[in-house]
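Enquirer: Handing you this structure, nothing more for now.
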Amino acid sequence: MSLLRMHQRRSGGDAAAGAPQQRLISALRQQGISDERVLAAIAKVPRHAFVDDALKNRAYENNALPIGHAQTISQPWVVAMMTQVLLAGRKPQRVLEVGTGSGYQTAVLAELVPTVFTVERIRPLSETARRRLATLGYRNIHCGYADGMNGWLPYAPYDGILVTAGADTIPSALIQQLGPSGRLVIPVGSHGAQSLRVIDRRGAGTREQDLGRVSFVPLLAGKV
Ligand code: SAH
């Protein structure tokens with residue numbers, strides 16, 4: 001888990017966040033999130049804006065929550081950990097997210113990366129997230145309604161690709177669309193029990209690390 005421990009610094013203030021958000025940030029610190037840039041982004045993004053009204057009082061719990069269409073907004077710890085891994089030791093300029101869902105992970109990335117591209121295969125989720133992110137004032141996000149198993153070719157290559165659904169195998173298009181020294185973060189394995197893989201492009205080849213067990217909804221082919 002060496003990547004998780006990079007960027008260790010002293011605890012900051014998190015002064016801008018409300019009480020439930022501050023509790024969440026403390027929980028994330030205890031669970032190994034040490035990159036202050038990531039913690040500041042989580043403290044800044046209003047997670048309650050990414051869930052239905054009935055769930056707003058639970059928005060700052062460290063849990064996944066339903067967003068309709070049998071999908072979930074990822075657990076804050078998972079969002080923070082994947083973002084920390086993507087950024088560890090590098091400064092990606094252009095990042096692709098596969099699986100927009102609610103748009104929450106997208107917003108966290110957009111706080112940290114100059115330009116974020118995100119694709120979603122379920123049209124209503126894609127459209128809701130696009131509207132929501134625009135309303136929140138994000139101008140550095142490009143939302144697409146597409147099957148991210150094919151990556152997103154028009155804007156490739158990417159310095160980083162983050163997949164927020166579990167793949168049976170690593171789609172070759174995602175490796176192909178990684179730029180020089182690009183990094184892919186992807187859960188690989190069967191439904192609800194994947195291992196989180198980090199694939200770094202190294203010249204003509206790649207280097208792969210396994211960061212341990214995670215649980216995601218499945219990466220599925222085709223648009224709906
Ligand atoms: N990042 C999201 C997580 C949503 S769950 C959030 O923070 O809310 C994963 C999402 O991946 C779901 O919305 C699902 O529809 C989407 N997904 C699954 N397979 C996909 C594919 N091949 N292309 C694009 N999106 C996909």
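By convention here, the chains of the structure tokens are called A, B, ... in the order presented, each chain's residues are numbered starting at 1, and ligands are numbered starting at 1 in the order presented.
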With only C-alpha atoms and all ligand atoms counted, collect every polymer residue having an atom within 7 Å of ligand 1; state the result as a VMD selection string.
Expert: chain A and resid 71 to 74 98 to 106 119 to 122 125 146 to 149 164 to 165 217 to 222
Enquirer: I need the chosen residues saved as a PDB file, in the first residue's frame, with C-alpha atoms.
Expert:
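The resulting file, part_22.pdb, is reproduced below:
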```
ATOM      1  CA  GLN A  71     -25.960   2.298  -9.249  1.00  0.00           C
ATOM      2  CA  THR A  72     -24.316   3.971  -6.248  1.00  0.00           C
ATOM      3  CA  ILE A  73     -22.330   7.083  -5.425  1.00  0.00           C
ATOM      4  CA  SER A  74     -18.995   5.679  -4.271  1.00  0.00           C
ATOM      5  CA  VAL A  98     -15.047   5.965 -16.558  1.00  0.00           C
ATOM      6  CA  GLY A  99     -18.417   5.793 -14.750  1.00  0.00           C
ATOM      7  CA  THR A 100     -19.687   9.335 -14.045  1.00  0.00           C
ATOM      8  CA  GLY A 101     -22.599   8.086 -11.922  1.00  0.00           C
ATOM      9  CA  SER A 102     -23.610  10.983  -9.675  1.00  0.00           C
ATOM     10  CA  GLY A 103     -20.619  13.095 -10.761  1.00  0.00           C
ATOM     11  CA  TYR A 104     -19.200  13.231  -7.228  1.00  0.00           C
ATOM     12  CA  GLN A 105     -15.833  11.635  -8.025  1.00  0.00           C
ATOM     13  CA  THR A 106     -15.744  13.842 -11.142  1.00  0.00           C
ATOM     14  CA  VAL A 119     -18.119   9.064 -19.495  1.00  0.00           C
ATOM     15  CA  GLU A 120     -21.284   7.255 -18.358  1.00  0.00           C
ATOM     16  CA  ARG A 121     -23.242   4.497 -20.159  1.00  0.00           C
ATOM     17  CA  ILE A 122     -26.661   5.234 -18.538  1.00  0.00           C
ATOM     18  CA  LEU A 125     -27.324   9.497 -14.974  1.00  0.00           C
ATOM     19  CA  ALA A 146     -20.509   6.665 -23.968  1.00  0.00           C
ATOM     20  CA  ASP A 147     -19.319   3.131 -23.206  1.00  0.00           C
ATOM     21  CA  GLY A 148     -16.099   3.772 -21.325  1.00  0.00           C
ATOM     22  CA  MET A 149     -14.843   0.244 -22.001  1.00  0.00           C
ATOM     23  CA  THR A 164     -15.219   3.646 -10.909  1.00  0.00           C
ATOM     24  CA  ALA A 165     -16.786   0.269 -11.795  1.00  0.00           C
ATOM     25  CA  VAL A 217     -20.744  -2.173  -9.183  1.00  0.00           C
ATOM     26  CA  PRO A 218     -19.770  -3.929 -12.444  1.00  0.00           C
ATOM     27  CA  LEU A 219     -18.322  -2.271 -15.546  1.00  0.00           C
ATOM     28  CA  LEU A 220     -20.796  -3.191 -18.313  1.00  0.00           C
ATOM     29  CA  ALA A 221     -20.551  -2.968 -22.092  1.00  0.00           C
ATOM     30  CA  GLY A 222     -22.854  -0.855 -24.265  1.00  0.00           C
TER      31      GLY A 222
END
```
Enquirer: Please return as a VMD selection string: the residues of range 47-109 of chain A that backbone DSSP assigns to alpha helix (DSSP H).
Expert: chain A and resid 76 to 87 104 to 109
Enquirer: Give me a file of those residues, with C-alpha atoms, as a PDB file, in the first residue's frame.
Expert:
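Final output, out_8.pdb:
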```pdb
ATOM      1  CA  PRO A  76     -15.979   8.817   0.237  1.00  0.00           C
ATOM      2  CA  TRP A  77     -13.046   6.704   1.424  1.00  0.00           C
ATOM      3  CA  VAL A  78     -12.923   4.919  -1.943  1.00  0.00           C
ATOM      4  CA  VAL A  79     -13.114   8.244  -3.827  1.00  0.00           C
ATOM      5  CA  ALA A  80     -10.343   9.729  -1.673  1.00  0.00           C
ATOM      6  CA  MET A  81      -8.138   6.643  -1.879  1.00  0.00           C
ATOM      7  CA  MET A  82      -8.440   6.259  -5.659  1.00  0.00           C
ATOM      8  CA  THR A  83      -7.794   9.970  -6.167  1.00  0.00           C
ATOM      9  CA  GLN A  84      -4.763   9.823  -3.869  1.00  0.00           C
ATOM     10  CA  VAL A  85      -3.384   6.855  -5.788  1.00  0.00           C
ATOM     11  CA  LEU A  86      -3.977   8.571  -9.148  1.00  0.00           C
ATOM     12  CA  LEU A  87      -2.097  11.710  -8.024  1.00  0.00           C
ATOM     13  CA  TYR A 104     -19.200  13.231  -7.228  1.00  0.00           C
ATOM     14  CA  GLN A 105     -15.833  11.635  -8.025  1.00  0.00           C
ATOM     15  CA  THR A 106     -15.744  13.842 -11.142  1.00  0.00           C
ATOM     16  CA  ALA A 107     -16.090  16.979  -9.011  1.00  0.00           C
ATOM     17  CA  VAL A 108     -13.378  15.829  -6.594  1.00  0.00           C
ATOM     18  CA  LEU A 109     -11.044  15.273  -9.569  1.00  0.00           C
TER      19      LEU A 109
END
```
Enquirer: For CA of His69 in chain A and CA of Leu133 in chain A, determine how far apart the two atoms are, in Å to one decimal place.
Expert: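 Atom-to-atom, CA of His69 in chain A and CA of Leu133 in chain A are spaced 19.3 Å apart.
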Enquirer: Measuring between only C-alpha atoms, which one of A:Leu153, A:Ala70, A:Gln30, A:Thr128 shows the shortest distance to Phe50 in chain A?
Expert: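 Of A:Leu153, A:Ala70, A:Gln30, A:Thr128, the one nearest Phe50 in chain A is A:Thr128, counting only C-alpha atoms.
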Enquirer: Would you work out the distance separating CA of Pro157 in chain A from CA of Asp35 in chain A, expressed in Å to one decimal?
Expert: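 That distance, rounded to one decimal, is 25.7 Å.
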Enquirer: Kindly indicate which residue among A:Gly137, A:Pro124, A:Pro20, A:Gly179 lies nearest to Lys56 in chain A, using only C-alpha atoms for the distances.
Expert: A:Pro20
Enquirer: Residues near Arg90 in chain A, anyone? I mean within 10 Å using only C-alpha atoms, not counting same-chain ones fewer than 6 positions away, as a compact mmCIF listing (two decimals) with all heavy atoms, in the first residue's frame.
Expert:
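Result file is result_38.txt:
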```txt
# COMPACT_ATOMS: atom_id res chain seq x y z
N ASP A 159 -3.39 11.60 -19.10
CA ASP A 159 -2.31 11.40 -18.12
C ASP A 159 -2.75 10.42 -17.04
O ASP A 159 -1.92 9.75 -16.41
CB ASP A 159 -1.93 12.72 -17.45
CG ASP A 159 -1.55 13.77 -18.47
OD1 ASP A 159 -0.79 13.43 -19.40
OD2 ASP A 159 -2.01 14.92 -18.34
N GLY A 160 -4.06 10.38 -16.82
CA GLY A 160 -4.60 9.46 -15.82
C GLY A 160 -5.97 8.98 -16.26
O GLY A 160 -6.72 9.73 -16.88
N SER A 181 3.97 7.87 -19.57
CA SER A 181 3.96 7.86 -18.10
C SER A 181 2.57 8.13 -17.50
O SER A 181 2.42 8.69 -16.42
CB SER A 181 5.03 8.79 -17.50
OG SER A 181 4.83 10.11 -17.89
N GLY A 182 1.53 7.72 -18.24
CA GLY A 182 0.17 7.81 -17.72
C GLY A 182 -0.12 6.71 -16.71
O GLY A 182 0.59 5.69 -16.66
N ARG A 183 -1.14 6.91 -15.90
CA ARG A 183 -1.50 5.93 -14.85
C ARG A 183 -2.98 5.58 -14.94
O ARG A 183 -3.83 6.47 -15.03
CB ARG A 183 -1.18 6.50 -13.48
CG ARG A 183 -1.70 5.63 -12.32
CD ARG A 183 -1.21 6.12 -10.99
NE ARG A 183 0.21 5.83 -10.82
CZ ARG A 183 0.96 6.27 -9.82
NH1 ARG A 183 0.42 7.04 -8.89
NH2 ARG A 183 2.22 5.95 -9.74
```
Enquirer: Name the closest residue to Thr135 in chain A among the candidates A:Leu55, A:Leu24, A:Ala49, A:Ile33; distances are taken between atoms, counting only C-alpha atoms.
Expert: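 Of A:Leu55, A:Leu24, A:Ala49, A:Ile33, the one nearest Thr135 in chain A is A:Ala49, counting only C-alpha atoms.
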Enquirer: Near Phe216 in chain A, within 8 Å and counting only C-alpha atoms, which residues show up once chain neighbours fewer than 2 positions away are dropped, as a list of chain:residue names?
Expert: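 The filter keeps A:Thr164, A:Ala165, A:Gly166, A:Pro187, A:His191, A:Gly192, A:Ala193, A:Gln194, A:Val214, A:Pro218.
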Enquirer: Keeping N, CA and C atoms, export the residues of the selection given above as a JSON list (two decimals), in the first residue's frame.
Expert:
```json
[["chain", "number", "residue", "atom", "x", "y", "z"],
["A", 164, "THR", "N", -14.47, 3.74, -12.17],
["A", 164, "THR", "CA", -15.22, 3.65, -10.91],
["A", 164, "THR", "C", -16.23, 2.50, -10.94],
["A", 165, "ALA", "N", -15.98, 1.49, -11.77],
["A", 165, "ALA", "CA", -16.79, 0.27, -11.80],
["A", 165, "ALA", "C", -15.82, -0.90, -12.00],
["A", 166, "GLY", "N", -16.23, -2.08, -11.53],
["A", 166, "GLY", "CA", -15.32, -3.23, -11.53],
["A", 166, "GLY", "C", -15.31, -3.95, -12.87],
["A", 187, "PRO", "N", -10.58, -1.09, -10.64],
["A", 187, "PRO", "CA", -10.91, -2.30, -9.88],
["A", 187, "PRO", "C", -11.10, -3.46, -10.85],
["A", 191, "HIS", "N", -18.20, -9.25, -9.61],
["A", 191, "HIS", "CA", -19.12, -8.31, -8.99],
["A", 191, "HIS", "C", -18.93, -8.16, -7.47],
["A", 192, "GLY", "N", -18.67, -6.97, -7.00],
["A", 192, "GLY", "CA", -18.61, -6.68, -5.58],
["A", 192, "GLY", "C", -17.35, -7.13, -4.87],
["A", 193, "ALA", "N", -16.42, -7.79, -5.56],
["A", 193, "ALA", "CA", -15.18, -8.26, -4.92],
["A", 193, "ALA", "C", -14.03, -8.13, -5.90],
["A", 194, "GLN", "N", -13.52, -6.91, -6.00],
["A", 194, "GLN", "CA", -12.43, -6.69, -6.95],
["A", 194, "GLN", "C", -11.14, -6.37, -6.20],
["A", 214, "VAL", "N", -11.42, -4.15, -2.99],
["A", 214, "VAL", "CA", -12.41, -3.07, -3.04],
["A", 214, "VAL", "C", -13.71, -3.68, -3.55],
["A", 218, "PRO", "N", -20.54, -3.45, -11.29],
["A", 218, "PRO", "CA", -19.77, -3.93, -12.44],
["A", 218, "PRO", "C", -19.65, -2.92, -13.58]]
```
Enquirer: Can you pull out every residue from range 35-144 of chain A that DSSP, working from the backbone, puts in strand (DSSP E or B), and format the result as a PyMOL selection string?
Expert: chain A and resi 35+65-68+71-73+94-98+115-120+141-144
Enquirer: To one decimal place in Å, what is the distance between CA of Ser126 in chain A and CA of Asn63 in chain A?
Expert: 21.7 Å
Enquirer: From the set A:Arg197, A:Arg29, A:Arg202, A:Arg23, which residue has the shortest atom-to-atom contact distance to Ala59 in chain A, counting only C-alpha atoms?
Expert: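 Selected residue with least distance to Ala59 in chain A: A:Arg23.
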Enquirer: Pick the closest to Gln22 in chain A from A:Val38, A:Ala54, A:Ile161, A:Ala43: which is it, counting only C-alpha atoms?
Expert: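 When distances to Gln22 in chain A are compared using only C-alpha atoms, the smallest one comes from A:Ala43.
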Enquirer: Got a sec: who's within 7 Å of Cys143 in chain A, counting only C-alpha atoms, leaving out chain neighbours fewer than 4 positions off, as a PyMOL selection string?
Expert: chain A and resi 117-119+130
Enquirer: Pick out the closest residue to Leu178 in chain A from this set: A:Val95, A:Leu196, A:Val224, A:Ala88. Count only C-alpha atoms.
Expert: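 Among the listed residues, the smallest separation from Leu178 in chain A belongs to A:Val95.
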